[in-house]
$ cat run-v9.pdb   # PDB, C-alpha atoms and all ligand atoms
ATOM      1  CA  MET K  37      86.138  94.403  60.180
ATOM      2  CA  HIS K  38      86.001  98.186  60.185
ATOM      3  CA  THR K  39      89.329  99.985  60.114
ATOM      4  CA  LEU K  40      90.531 103.402  61.232
ATOM      5  CA  PRO K  41      90.896 105.428  58.002
ATOM      6  CA  LEU K  42      94.206 107.185  57.473
ATOM      7  CA  LEU K  43      94.440 110.801  58.553
ATOM      8  CA  PRO K  44      94.727 112.884  55.342
ATOM      9  CA  TYR K  45      97.755 114.829  56.749
ATOM     10  CA  GLU K  46     100.488 114.475  59.366
ATOM     11  CA  LYS K  47      99.485 114.733  63.031
ATOM     12  CA  ASP K  48     101.332 118.040  63.459
ATOM     13  CA  ALA K  49     100.175 119.513  60.123
ATOM     14  CA  LEU K  50      97.399 121.671  61.628
ATOM     15  CA  GLU K  51      99.623 123.300  64.244
ATOM     16  CA  PRO K  52      99.450 125.787  65.861
ATOM     17  CA  LEU K  53      95.666 125.994  65.363
ATOM     18  CA  ILE K  54      95.073 122.325  66.250
ATOM     19  CA  SER K  55      97.993 120.712  68.067
ATOM     20  CA  ALA K  56      99.609 117.333  67.396
ATOM     21  CA  GLU K  57      98.613 116.394  70.960
ATOM     22  CA  THR K  58      94.939 117.028  70.179
ATOM     23  CA  ILE K  59      95.214 114.883  67.038
ATOM     24  CA  GLU K  60      97.077 112.226  69.020
ATOM     25  CA  TYR K  61      94.103 111.924  71.370
ATOM     26  CA  HIS K  62      91.229 112.817  69.073
ATOM     27  CA  TYR K  63      92.261 110.641  66.127
ATOM     28  CA  GLY K  64      94.636 108.174  67.799
ATOM     29  CA  LYS K  65      92.450 107.428  70.814
ATOM     30  CA  HIS K  66      88.855 108.688  70.468
ATOM     31  CA  HIS K  67      88.331 107.880  66.776
ATOM     32  CA  LYS K  68      90.249 104.588  67.094
ATOM     33  CA  THR K  69      88.179 103.582  70.147
ATOM     34  CA  TYR K  70      84.928 104.028  68.188
ATOM     35  CA  VAL K  71      86.327 101.682  65.510
ATOM     36  CA  ASP K  72      87.491  99.119  68.085
ATOM     37  CA  LYS K  73      84.201  99.224  70.019
ATOM     38  CA  LEU K  74      82.189  98.873  66.814
ATOM     39  CA  ASN K  75      84.173  95.790  65.798
ATOM     40  CA  ALA K  76      83.743  94.266  69.269
ATOM     41  CA  LEU K  77      79.969  94.943  69.213
ATOM     42  CA  LEU K  78      79.628  93.401  65.743
ATOM     43  CA  GLU K  79      81.502  90.194  66.539
ATOM     44  CA  GLU K  80      78.353  88.293  67.489
ATOM     45  CA  SER K  81      75.873  90.517  65.661
ATOM     46  CA  PRO K  82      73.683  89.717  62.631
ATOM     47  CA  LEU K  83      74.618  93.224  61.397
ATOM     48  CA  LYS K  84      78.239  92.132  60.994
ATOM     49  CA  SER K  85      78.259  92.155  57.185
ATOM     50  CA  LEU K  86      76.731  95.638  56.775
ATOM     51  CA  SER K  87      78.767  98.593  55.539
ATOM     52  CA  LEU K  88      79.321 101.564  57.824
ATOM     53  CA  GLU K  89      76.649 103.582  55.978
ATOM     54  CA  GLU K  90      74.155 100.692  56.194
ATOM     55  CA  LEU K  91      74.821 100.318  59.929
ATOM     56  CA  ILE K  92      74.135 104.031  60.433
ATOM     57  CA  LYS K  93      70.785 103.719  58.634
ATOM     58  CA  GLN K  94      69.711 100.460  60.285
ATOM     59  CA  ALA K  95      71.299 100.061  63.726
ATOM     60  CA  GLU K  96      70.313 101.579  67.049
ATOM     61  CA  GLY K  97      71.957 101.990  70.451
ATOM     62  CA  PRO K  98      75.678 101.315  70.878
ATOM     63  CA  VAL K  99      76.192  99.967  67.321
ATOM     64  CA  PHE K 100      74.626 103.113  65.849
ATOM     65  CA  ASN K 101      76.583 105.374  68.208
ATOM     66  CA  ASN K 102      79.959 103.874  67.402
ATOM     67  CA  ALA K 103      79.302 103.504  63.651
ATOM     68  CA  ALA K 104      78.089 107.100  63.358
ATOM     69  CA  GLN K 105      81.036 108.409  65.358
ATOM     70  CA  VAL K 106      83.444 106.532  63.061
ATOM     71  CA  TRP K 107      81.789 108.071  59.984
ATOM     72  CA  ASN K 108      81.460 111.582  61.458
ATOM     73  CA  HIS K 109      85.128 111.711  62.495
ATOM     74  CA  THR K 110      86.396 110.562  59.099
ATOM     75  CA  PHE K 111      84.254 113.265  57.464
ATOM     76  CA  TYR K 112      85.538 115.854  59.979
ATOM     77  CA  TRP K 113      89.243 115.094  59.326
ATOM     78  CA  HIS K 114      88.644 115.638  55.624
ATOM     79  CA  CYS K 115      86.961 118.983  56.322
ATOM     80  CA  LEU K 116      90.332 120.242  57.615
ATOM     81  CA  THR K 117      93.591 120.911  55.779
ATOM     82  CA  PRO K 118      96.962 122.566  56.391
ATOM     83  CA  ASN K 119      96.700 123.946  52.824
ATOM     84  CA  LYS K 120      95.773 127.620  53.136
ATOM     85  CA  ASN K 121      94.970 127.984  49.429
ATOM     86  CA  THR K 122      91.603 126.248  49.166
ATOM     87  CA  LYS K 123      88.487 128.335  48.555
ATOM     88  CA  PRO K 124      84.817 127.821  47.717
ATOM     89  CA  SER K 125      84.135 127.126  44.039
ATOM     90  CA  GLU K 126      82.140 129.652  42.027
ATOM     91  CA  SER K 127      78.984 127.503  42.281
ATOM     92  CA  LEU K 128      79.350 126.954  46.043
ATOM     93  CA  ASP K 129      80.018 130.655  46.502
ATOM     94  CA  GLU K 130      76.793 131.481  44.617
ATOM     95  CA  ALA K 131      74.845 129.021  46.795
ATOM     96  CA  ILE K 132      76.336 130.589  49.943
ATOM     97  CA  GLN K 133      75.343 134.065  48.748
ATOM     98  CA  SER K 134      71.800 132.947  47.994
ATOM     99  CA  SER K 135      71.294 130.936  51.222
ATOM    100  CA  PHE K 136      73.132 133.140  53.740
ATOM    101  CA  GLY K 137      73.826 136.477  52.016
ATOM    102  CA  SER K 138      77.613 136.281  52.401
ATOM    103  CA  MET K 139      80.503 134.111  53.569
ATOM    104  CA  GLU K 140      80.667 136.181  56.779
ATOM    105  CA  ALA K 141      76.981 135.476  57.431
ATOM    106  CA  LEU K 142      77.542 131.749  56.849
ATOM    107  CA  LYS K 143      80.440 131.775  59.313
ATOM    108  CA  LYS K 144      78.349 133.620  61.904
ATOM    109  CA  ASP K 145      75.375 131.267  61.515
ATOM    110  CA  PHE K 146      77.656 128.200  61.662
ATOM    111  CA  CYS K 147      79.572 129.432  64.729
ATOM    112  CA  ASP K 148      76.366 130.518  66.515
ATOM    113  CA  HIS K 149      74.926 127.038  66.019
ATOM    114  CA  ALA K 150      78.189 125.408  67.159
ATOM    115  CA  LEU K 151      78.408 127.618  70.270
ATOM    116  CA  ASN K 152      74.807 126.871  71.191
ATOM    117  CA  ASN K 153      74.979 123.134  70.488
ATOM    118  CA  PHE K 154      74.403 122.088  74.099
ATOM    119  CA  GLY K 155      76.604 119.287  75.413
ATOM    120  CA  SER K 156      78.295 117.001  72.897
ATOM    121  CA  GLY K 157      77.478 116.967  69.215
ATOM    122  CA  TRP K 158      78.211 118.149  65.721
ATOM    123  CA  THR K 159      77.411 121.256  63.688
ATOM    124  CA  TRP K 160      76.832 120.783  59.962
ATOM    125  CA  LEU K 161      76.484 122.748  56.778
ATOM    126  CA  VAL K 162      73.984 120.657  54.822
ATOM    127  CA  MET K 163      71.931 120.807  51.652
ATOM    128  CA  ASP K 164      68.229 120.138  52.096
ATOM    129  CA  LYS K 165      65.749 118.567  49.657
ATOM    130  CA  GLN K 166      64.993 121.985  48.126
ATOM    131  CA  LYS K 167      68.735 122.315  47.315
ATOM    132  CA  LYS K 168      69.062 125.079  49.868
ATOM    133  CA  LEU K 169      72.077 125.280  52.161
ATOM    134  CA  LYS K 170      71.440 125.448  55.889
ATOM    135  CA  ILE K 171      73.151 124.922  59.241
ATOM    136  CA  VAL K 172      71.943 122.160  61.561
ATOM    137  CA  ASN K 173      73.092 120.769  64.903
ATOM    138  CA  THR K 174      73.059 117.115  65.884
ATOM    139  CA  SER K 175      73.550 115.694  69.383
ATOM    140  CA  ASN K 176      76.003 113.038  70.515
ATOM    141  CA  ALA K 177      76.638 110.674  67.564
ATOM    142  CA  ALA K 178      73.635 111.721  65.452
ATOM    143  CA  THR K 179      74.490 112.336  61.803
ATOM    144  CA  PRO K 180      72.589 113.714  58.796
ATOM    145  CA  ILE K 181      73.346 110.570  56.773
ATOM    146  CA  SER K 182      70.981 108.411  58.839
ATOM    147  CA  GLU K 183      68.135 110.019  56.893
ATOM    148  CA  ASP K 184      68.010 111.314  53.335
ATOM    149  CA  THR K 185      66.712 114.754  54.353
ATOM    150  CA  TRP K 186      70.100 116.476  54.421
ATOM    151  CA  MET K 187      73.333 115.971  52.521
ATOM    152  CA  PRO K 188      76.379 116.862  54.647
ATOM    153  CA  ILE K 189      78.708 119.463  53.129
ATOM    154  CA  LEU K 190      80.877 120.459  56.111
ATOM    155  CA  THR K 191      81.037 119.469  59.773
ATOM    156  CA  CYS K 192      82.572 120.631  63.030
ATOM    157  CA  ASP K 193      83.020 118.326  66.010
ATOM    158  CA  VAL K 194      81.944 120.249  69.108
ATOM    159  CA  TRP K 195      82.543 117.463  71.635
ATOM    160  CA  GLU K 196      84.904 118.850  74.288
ATOM    161  CA  HIS K 197      87.528 116.252  73.342
ATOM    162  CA  ALA K 198      87.928 118.153  70.035
ATOM    163  CA  TYR K 199      89.278 121.279  71.761
ATOM    164  CA  TYR K 200      89.918 120.825  75.480
ATOM    165  CA  ILE K 201      93.700 120.292  75.160
ATOM    166  CA  ASP K 202      94.230 123.398  72.994
ATOM    167  CA  SER K 203      91.461 125.757  74.062
ATOM    168  CA  ARG K 204      90.231 124.325  77.383
ATOM    169  CA  ASN K 205      86.589 125.398  77.774
ATOM    170  CA  ASN K 206      86.808 128.081  75.077
ATOM    171  CA  ARG K 207      84.690 126.639  72.275
ATOM    172  CA  ALA K 208      84.563 130.045  70.531
ATOM    173  CA  GLN K 209      88.358 130.111  70.168
ATOM    174  CA  TYR K 210      88.345 126.549  68.815
ATOM    175  CA  LEU K 211      85.731 127.591  66.230
ATOM    176  CA  GLU K 212      87.895 130.528  65.082
ATOM    177  CA  ASN K 213      90.851 128.123  64.648
ATOM    178  CA  TYR K 214      88.657 125.528  62.958
ATOM    179  CA  TRP K 215      87.398 128.089  60.450
ATOM    180  CA  GLU K 216      90.984 128.898  59.365
ATOM    181  CA  LEU K 217      91.607 125.217  58.596
ATOM    182  CA  ILE K 218      88.556 124.416  56.460
ATOM    183  CA  ASN K 219      89.362 122.334  53.405
ATOM    184  CA  TRP K 220      87.221 124.144  50.831
ATOM    185  CA  ALA K 221      88.375 121.716  48.120
ATOM    186  CA  PHE K 222      86.707 118.883  50.053
ATOM    187  CA  VAL K 223      83.665 121.056  50.812
ATOM    188  CA  ASN K 224      83.332 121.868  47.076
ATOM    189  CA  GLU K 225      83.317 118.127  46.292
ATOM    190  CA  GLN K 226      80.568 117.457  48.861
ATOM    191  CA  PHE K 227      78.555 120.346  47.460
ATOM    192  CA  GLU K 228      78.875 118.975  43.896
ATOM    193  CA  LYS K 229      77.744 115.523  45.120
ATOM    194  CA  ALA K 230      74.759 117.045  46.937
ATOM    195  CA  CYS K 231      73.746 118.988  43.809
ATOM    196  CA  LEU K 232      73.402 115.808  41.693
TER     197      LEU K 232
HETATM  198 MN   MN3 K 301      85.391 113.840  68.244
END
$ encode --input "run-v9.pdb" --output "structure tokens"
Amino acid sequence: MHTLPLLPYEKDALEPLISAETIEYHYGKHHKTYVDKLNALLEESPLKSLSLEELIKQAEGPVFNNAAQVWNHTFYWHCLTPNKNTKPSESLDEAIQSSFGSMEALKKDFCDHALNNFGSGWTWLVMDKQKKLKIVNTSNAATPISEDTWMPILTCDVWEHAYYIDSRNNRAQYLENYWELINWAFVNEQFEKACL
């Protein structure tokens, strides 16, 4: 059985940038539904004993979609924090300077990708095989961890359900709010893991 991981903060902790109502729906309903659907799909499946990561690498269709959405959402919640005092480590900062030129340039590249990610999907800061940081978009449930090409460092959910309650159709405003909430401590950890 797959379970809904705990949210790493209270539902109202990201207010006013992301409301408790958004978390109520996004975590309490959307994320939970992916977990419930995955468990229902696996009941009679030979893939039942696989871990979430194994399912993402091996499954297709609805099992892949629900497994990847479970993983992506858990990663996304950890990318956010109410703690305003996190910042990129010295080594991550150096990598950002060398890959993008500056933190402002990274933000612009990330937000441009997120704004132009057509339909539903995710925008990611990843590390590629050459240990270079780059921004990539995925569609629907697709996730960098299904292949070993990219290691995920940071993600933003750009499905409308991530922002419609708070920002209606204004994805750009959601991205500004999202950027203020980034958990750089978590991002630093993902960067360290990707560097190994
Ligand atoms: Mn979502």
$ closest_residue --input "run-v9.pdb" --among "K:Ala230, K:Leu77, K:Leu40, K:Val223" --to "Thr185 of chain K" --atoms "all atoms listed in the file"
K:Ala230
$ resolve_selection --input "run-v9.pdb" --expression "the PyMOL selection byres (((chain K and resi 197) around 10) and not hetatm)" --output "PyMOL selection string"
chain K and resi 58+61-62+66+156+193-196+198-202+204
$ atom_distance --input "run-v9.pdb" --atom1 "atom CA of Thr110 of chain K" --atom2 "atom CA of Pro52 of chain K"
21.2 Å
$ residues_around --input "run-v9.pdb" --residues "Ser125 of chain K" --least-positions-apart "5" --cutoff "10 Å" --atoms "only C-alpha atoms" --output "PyMOL selection string"
chain K and resi 130-131+220-221+223-225+227-228
$ atom_distance --input "run-v9.pdb" --atom1 "atom CA of Tyr63 of chain K" --atom2 "atom CA of Leu43 of chain K"
7.9 Å
$ closest_residue --input "run-v9.pdb" --among "K:Pro98, K:Lys123, K:Leu151, K:Ser85" --to "Met139 of chain K" --atoms "only C-alpha atoms"
K:Lys123
$ atom_distance --input "run-v9.pdb" --atom1 "atom CA of Ile171 of chain K" --atom2 "atom CA of Gln133 of chain K"
14.1 Å
$ closest_residue --input "run-v9.pdb" --among "K:Asn219, K:Glu51, K:Lys120, K:Thr39" --to "Leu88 of chain K" --atoms "all atoms listed in the file"
K:Thr39
$ resolve_selection --input "run-v9.pdb" --expression "the PyMOL selection byres (((chain K and resi 164) around 12) and not hetatm)" --output "PDB file with C-alpha atoms, in the coordinates of the input"
ATOM      1  CA  SER K 135      71.294 130.936  51.222  1.00  0.00           C
ATOM      2  CA  TRP K 160      76.832 120.783  59.962  1.00  0.00           C
ATOM      3  CA  LEU K 161      76.484 122.748  56.778  1.00  0.00           C
ATOM      4  CA  VAL K 162      73.984 120.657  54.822  1.00  0.00           C
ATOM      5  CA  MET K 163      71.931 120.807  51.652  1.00  0.00           C
ATOM      6  CA  LYS K 165      65.749 118.567  49.657  1.00  0.00           C
ATOM      7  CA  GLN K 166      64.993 121.985  48.126  1.00  0.00           C
ATOM      8  CA  LYS K 167      68.735 122.315  47.315  1.00  0.00           C
ATOM      9  CA  LYS K 168      69.062 125.079  49.868  1.00  0.00           C
ATOM     10  CA  LEU K 169      72.077 125.280  52.161  1.00  0.00           C
ATOM     11  CA  LYS K 170      71.440 125.448  55.889  1.00  0.00           C
ATOM     12  CA  ILE K 171      73.151 124.922  59.241  1.00  0.00           C
ATOM     13  CA  VAL K 172      71.943 122.160  61.561  1.00  0.00           C
ATOM     14  CA  PRO K 180      72.589 113.714  58.796  1.00  0.00           C
ATOM     15  CA  ILE K 181      73.346 110.570  56.773  1.00  0.00           C
ATOM     16  CA  GLU K 183      68.135 110.019  56.893  1.00  0.00           C
ATOM     17  CA  ASP K 184      68.010 111.314  53.335  1.00  0.00           C
ATOM     18  CA  THR K 185      66.712 114.754  54.353  1.00  0.00           C
ATOM     19  CA  TRP K 186      70.100 116.476  54.421  1.00  0.00           C
ATOM     20  CA  MET K 187      73.333 115.971  52.521  1.00  0.00           C
ATOM     21  CA  PRO K 188      76.379 116.862  54.647  1.00  0.00           C
ATOM     22  CA  ILE K 189      78.708 119.463  53.129  1.00  0.00           C
ATOM     23  CA  PHE K 227      78.555 120.346  47.460  1.00  0.00           C
ATOM     24  CA  ALA K 230      74.759 117.045  46.937  1.00  0.00           C
ATOM     25  CA  CYS K 231      73.746 118.988  43.809  1.00  0.00           C
TER      26      CYS K 231
END
